[in-house]
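Written out below as structure tokens is the structure these notes cover.
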Amino acid sequence: MGSDPFIFSFFLIFACAGILATLALFTRQPLIVVYIITGMILGPSGVAFIDNPQLISSTAKFGIIFLLFLLGLDMQPAKLINTLRSSMLVGLSSCVIFFIAGASIAFAFGYTQTETVIIGVAMMFSSTIIGIKLLPTTVLHHRRTGELIISQLLIQDLVAIIVLLVVAGGFLEFSGASKIVRVLVSLPLLILGAWVFVKYVMLPLLEKFDAFHEYIFLIAIGWCLGLAEMAELLGLSLEIGAFVAGVTIATSPIALYIADHLKPLRDFFLILFFFSIGAGFHMALLADVILPALFLAGAMLALKPVVFRFLLRGMSESDRLGWETGFRLGQISEFSLLIAFIATAENLIGNHASHLIQATAILTFLVSSYLVVFRYPTPIAVTDELRRD
């Protein structure tokens with residue numbers, strides 16, 4: 001092993017992920033699955049080259065923090081209002097249907113009440129990464145299909161953020177009124193303090209020194225991590241602080257620049273997050289969850305196209321457009337993995353329920369990607385007729 005175990009661990013993660021990603025791109029596999037499989041191979045259930053749980057969980061936390069910061073940066077009020085006005089009914093109705101279906105299957109397999117709720121919630125969302133990556137650029141920007149898919153994903157992102165903040169904030173622990181009172185006091189204080197600091201200190205500094213790009217990068221990361229720590233000190237969570245940090249500068253023109261330049265850093269930590277999901281996956285538990293995972297995955301893959309076709313038909317969209325939207329959004333989401341990770345860390349669900357969500361996500365990522373690639377135009381289609389950039 002190398003002289004520094006920490007550096008050697010990162011070398012193993014990215015070297016293994018790079019090799020598997022190359023194979024995945026040749027065989028048209030989603031890269032999220034590659035990162036999870038890398039964790040399974042290198043983690044405790046595989047060859048155990050990386051078995052430090054503190055390293056694994058810490059890197060995962062960084063990925064979540066930067067993801068929520070960037071989601072907050074993208075919360076443009078004008079865009080949100082337009083999207084909510086046109087697509088809210090379809091977005092929320094579909095979430096309710098998928099929640100009921102997922103929770104019913106979890107309940108039938110004997111999971112606890114809280115686990116049933118978390119599993120049902122995890123089924124509500126579709127993968128932004130897969131949904132957007134498999135859309136050709138012309139469809140993404142200029143056609144109704146792209147508009148519908150983006151609007152549904154945005155509504156799901158909003159719902160998912162609320163769920164993540166509720167779960168991370170410990171609202172589901174039922175620990176009495178003290179928790180609610182503390183949040184009702186500390187959250188408004190955090191938001192108000194952040195808004196005042198951004199308006200009177202941070203934005204004037206960024207405007208004065210906007211020619212120094214590394215300064216903007218430095219301040220953005222410091223702001224994200226600083227407010228995350230402040231939120232935790234106030235009894236909230238790192239995730240809530242990171243999201244508030246993003247939202248408070250979302251209306252500034254500098255937000256687009258920050259979001260664009262922090263994406264590589266976010267991707268770096270998200271690779272580590274998905275690696276940590278795989279590294280924490282106990283293969284010994286797979287036999288216990290494979291049957292409910294097959295039921296859940298099959299239900300979502302079959303139900304989502306039907307539901308979106310039915311709901312979009314009610315908006316006077318064509319059957320063809322409804323089916324395509326449903327198939328492109330036919331998987332569950334990376335948010336489902338985030339929810340499973342945080343809910344497990346908060347002791348809301350057990351390992352079996354967490355592994356059920358993870359196994360269902362992997363199954364739907366794989367099958368849905370194949371269905372889309374072989375049926376609809378994508379940048380990675382296997383035939384010339386369907387390949388569109």
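Each chain in the structure tokens gets a letter, A, B and so on, in the order shown; residues start at 1 in every chain, and ligands are counted from 1 in the order they appear.
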For segment 305-321 of chain A, list every protein, DNA or RNA residue within 9 Å, evaluated using only C-alpha atoms, and leave out those in the same chain fewer than 5 positions away; present the list as a PDB file with C-alpha atoms, in the first residue's frame.
```pdb
ATOM      1  CA  LEU A  89     -50.811  19.451 -10.686  1.00  0.00           C
ATOM      2  CA  VAL A  90     -49.101  16.744 -12.750  1.00  0.00           C
ATOM      3  CA  SER A  93     -50.284  14.064  -8.438  1.00  0.00           C
ATOM      4  CA  SER A  94     -47.599  11.749  -9.811  1.00  0.00           C
ATOM      5  CA  ILE A  97     -49.383   7.999  -6.780  1.00  0.00           C
ATOM      6  CA  PHE A  98     -45.779   6.753  -6.691  1.00  0.00           C
ATOM      7  CA  ARG A 144     -42.113  20.272 -25.785  1.00  0.00           C
ATOM      8  CA  THR A 145     -40.708  16.937 -24.567  1.00  0.00           C
ATOM      9  CA  MET A 300     -42.066   1.819 -10.797  1.00  0.00           C
ATOM     10  CA  GLY A 326     -43.067   8.514 -18.656  1.00  0.00           C
ATOM     11  CA  PHE A 327     -40.392   6.203 -20.046  1.00  0.00           C
ATOM     12  CA  ARG A 328     -37.689   8.872 -19.770  1.00  0.00           C
ATOM     13  CA  LEU A 329     -38.719   9.445 -16.120  1.00  0.00           C
ATOM     14  CA  GLY A 330     -39.302   5.743 -15.433  1.00  0.00           C
TER      15      GLY A 330
END
```
* Non-local contacts of segment 277-291 of chain A (6 Å; only C-alpha atoms; under 5 positions in same chain excluded) as a list in words ->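 Answer for this query is Ile36, Ile37, Gly39, Met40, Gly43, Ser45 and Leu356 of chain A.
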* Considering only C-alpha atoms, return as a ChimeraX atom specification whatever protein or nucleic-acid residues lie within 12 Å of Pro5 of chain A, sequence-local ones (same chain, fewer than 3 positions apart) excluded. => /A:1-2,8-12,49-52,55
Could the residues of segment 250-339 of chain A that have an atom at most 9 Å from segment 197-217 of chain A be listed as JSON lines, each with its closest atom pair and the distance in Å to one decimal, counting only C-alpha atoms and ordered by chain and ascending residue number?
```
{"residue": "A:Ser252", "atom": "CA", "partner": "A:Leu203", "partner_atom": "CA", "distance": 8.0}
{"residue": "A:Ile254", "atom": "CA", "partner": "A:Leu206", "partner_atom": "CA", "distance": 8.0}
{"residue": "A:Tyr257", "atom": "CA", "partner": "A:Ile216", "partner_atom": "CA", "distance": 8.9}
{"residue": "A:Ile258", "atom": "CA", "partner": "A:Phe217", "partner_atom": "CA", "distance": 6.9}
{"residue": "A:His261", "atom": "CA", "partner": "A:Phe217", "partner_atom": "CA", "distance": 7.5}
{"residue": "A:Leu262", "atom": "CA", "partner": "A:Phe217", "partner_atom": "CA", "distance": 7.6}
```
* Asked: Given the choices A:Ala340, A:Ala220, A:Leu189, A:Leu25, which gets closest to Gly235 of chain A if the distance is worked out from only C-alpha atoms?
  -> A:Leu189
* To do: If you run DSSP over the backbone, which residues in segment 6-235 of chain A end up helix (DSSP H, G or I)? Put them as a ChimeraX atom specification.
  => /A:6-26,31-42,53-73,77-108,113-122,128-133,137-142,144-168,171-173,177-208,213-233
* If you count only C-alpha atoms, which residues fall within 7 Å of segment 99-102 of chain A, apart from same-chain ones fewer than 3 positions away, as a list in words? ->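 Non-adjacent residues within range: Cys95, Val96, Ile105, Ala106, Ile119, Gly120, Val121, Met123, Met124 and Leu296 of chain A.
What separates atom CA of Gly131 of chain A from atom CA of Ile149 of chain A is a distance of 7.5 Å.
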* Asked: Nearest to Leu154 of chain A among A:Gly350, A:Gly322, A:Pro264, A:Gly91, with distances taken over only C-alpha atoms: which residue is it?
  -> A:Gly91
* Excluding same-chain residues fewer than 2 positions from Cys16 of chain A, what lies within 9 Å of it counting only C-alpha atoms, as a VMD selection string? -> chain A and resid 11 to 14 18 to 21 35 38 41 to 42
* To do: With a distance cut-off of 8 Å and only C-alpha atoms, select the neighbouring residues of Ala194 of chain A, excluding the residue or stretch itself and same-chain residues fewer than 4 positions from it, and output the selection as number ranges by chain.
  => A: 190, 198, 227, 244-245, 248
Restricted to N, CA and C atoms, what would the selected residues look like written as a PDB file, in the first residue's frame?
```pdb
ATOM      1  N   LEU A 190     -31.377  31.914  11.103  1.00  0.00           N
ATOM      2  CA  LEU A 190     -30.327  31.570  10.142  1.00  0.00           C
ATOM      3  C   LEU A 190     -30.579  32.236   8.797  1.00  0.00           C
ATOM      4  N   VAL A 198     -25.308  38.472   3.198  1.00  0.00           N
ATOM      5  CA  VAL A 198     -25.137  38.441   1.744  1.00  0.00           C
ATOM      6  C   VAL A 198     -25.360  39.825   1.139  1.00  0.00           C
ATOM      7  N   LEU A 227     -21.945  28.442   6.443  1.00  0.00           N
ATOM      8  CA  LEU A 227     -23.353  28.433   6.836  1.00  0.00           C
ATOM      9  C   LEU A 227     -23.814  27.021   7.207  1.00  0.00           C
ATOM     10  N   VAL A 244     -29.654  26.854   2.397  1.00  0.00           N
ATOM     11  CA  VAL A 244     -29.921  28.267   2.680  1.00  0.00           C
ATOM     12  C   VAL A 244     -28.811  29.138   2.093  1.00  0.00           C
ATOM     13  N   ALA A 245     -27.564  28.680   2.181  1.00  0.00           N
ATOM     14  CA  ALA A 245     -26.438  29.432   1.612  1.00  0.00           C
ATOM     15  C   ALA A 245     -26.624  29.643   0.118  1.00  0.00           C
ATOM     16  N   THR A 248     -29.816  32.129  -0.639  1.00  0.00           N
ATOM     17  CA  THR A 248     -29.638  33.547  -0.311  1.00  0.00           C
ATOM     18  C   THR A 248     -28.865  34.323  -1.372  1.00  0.00           C
TER      19      THR A 248
END
```
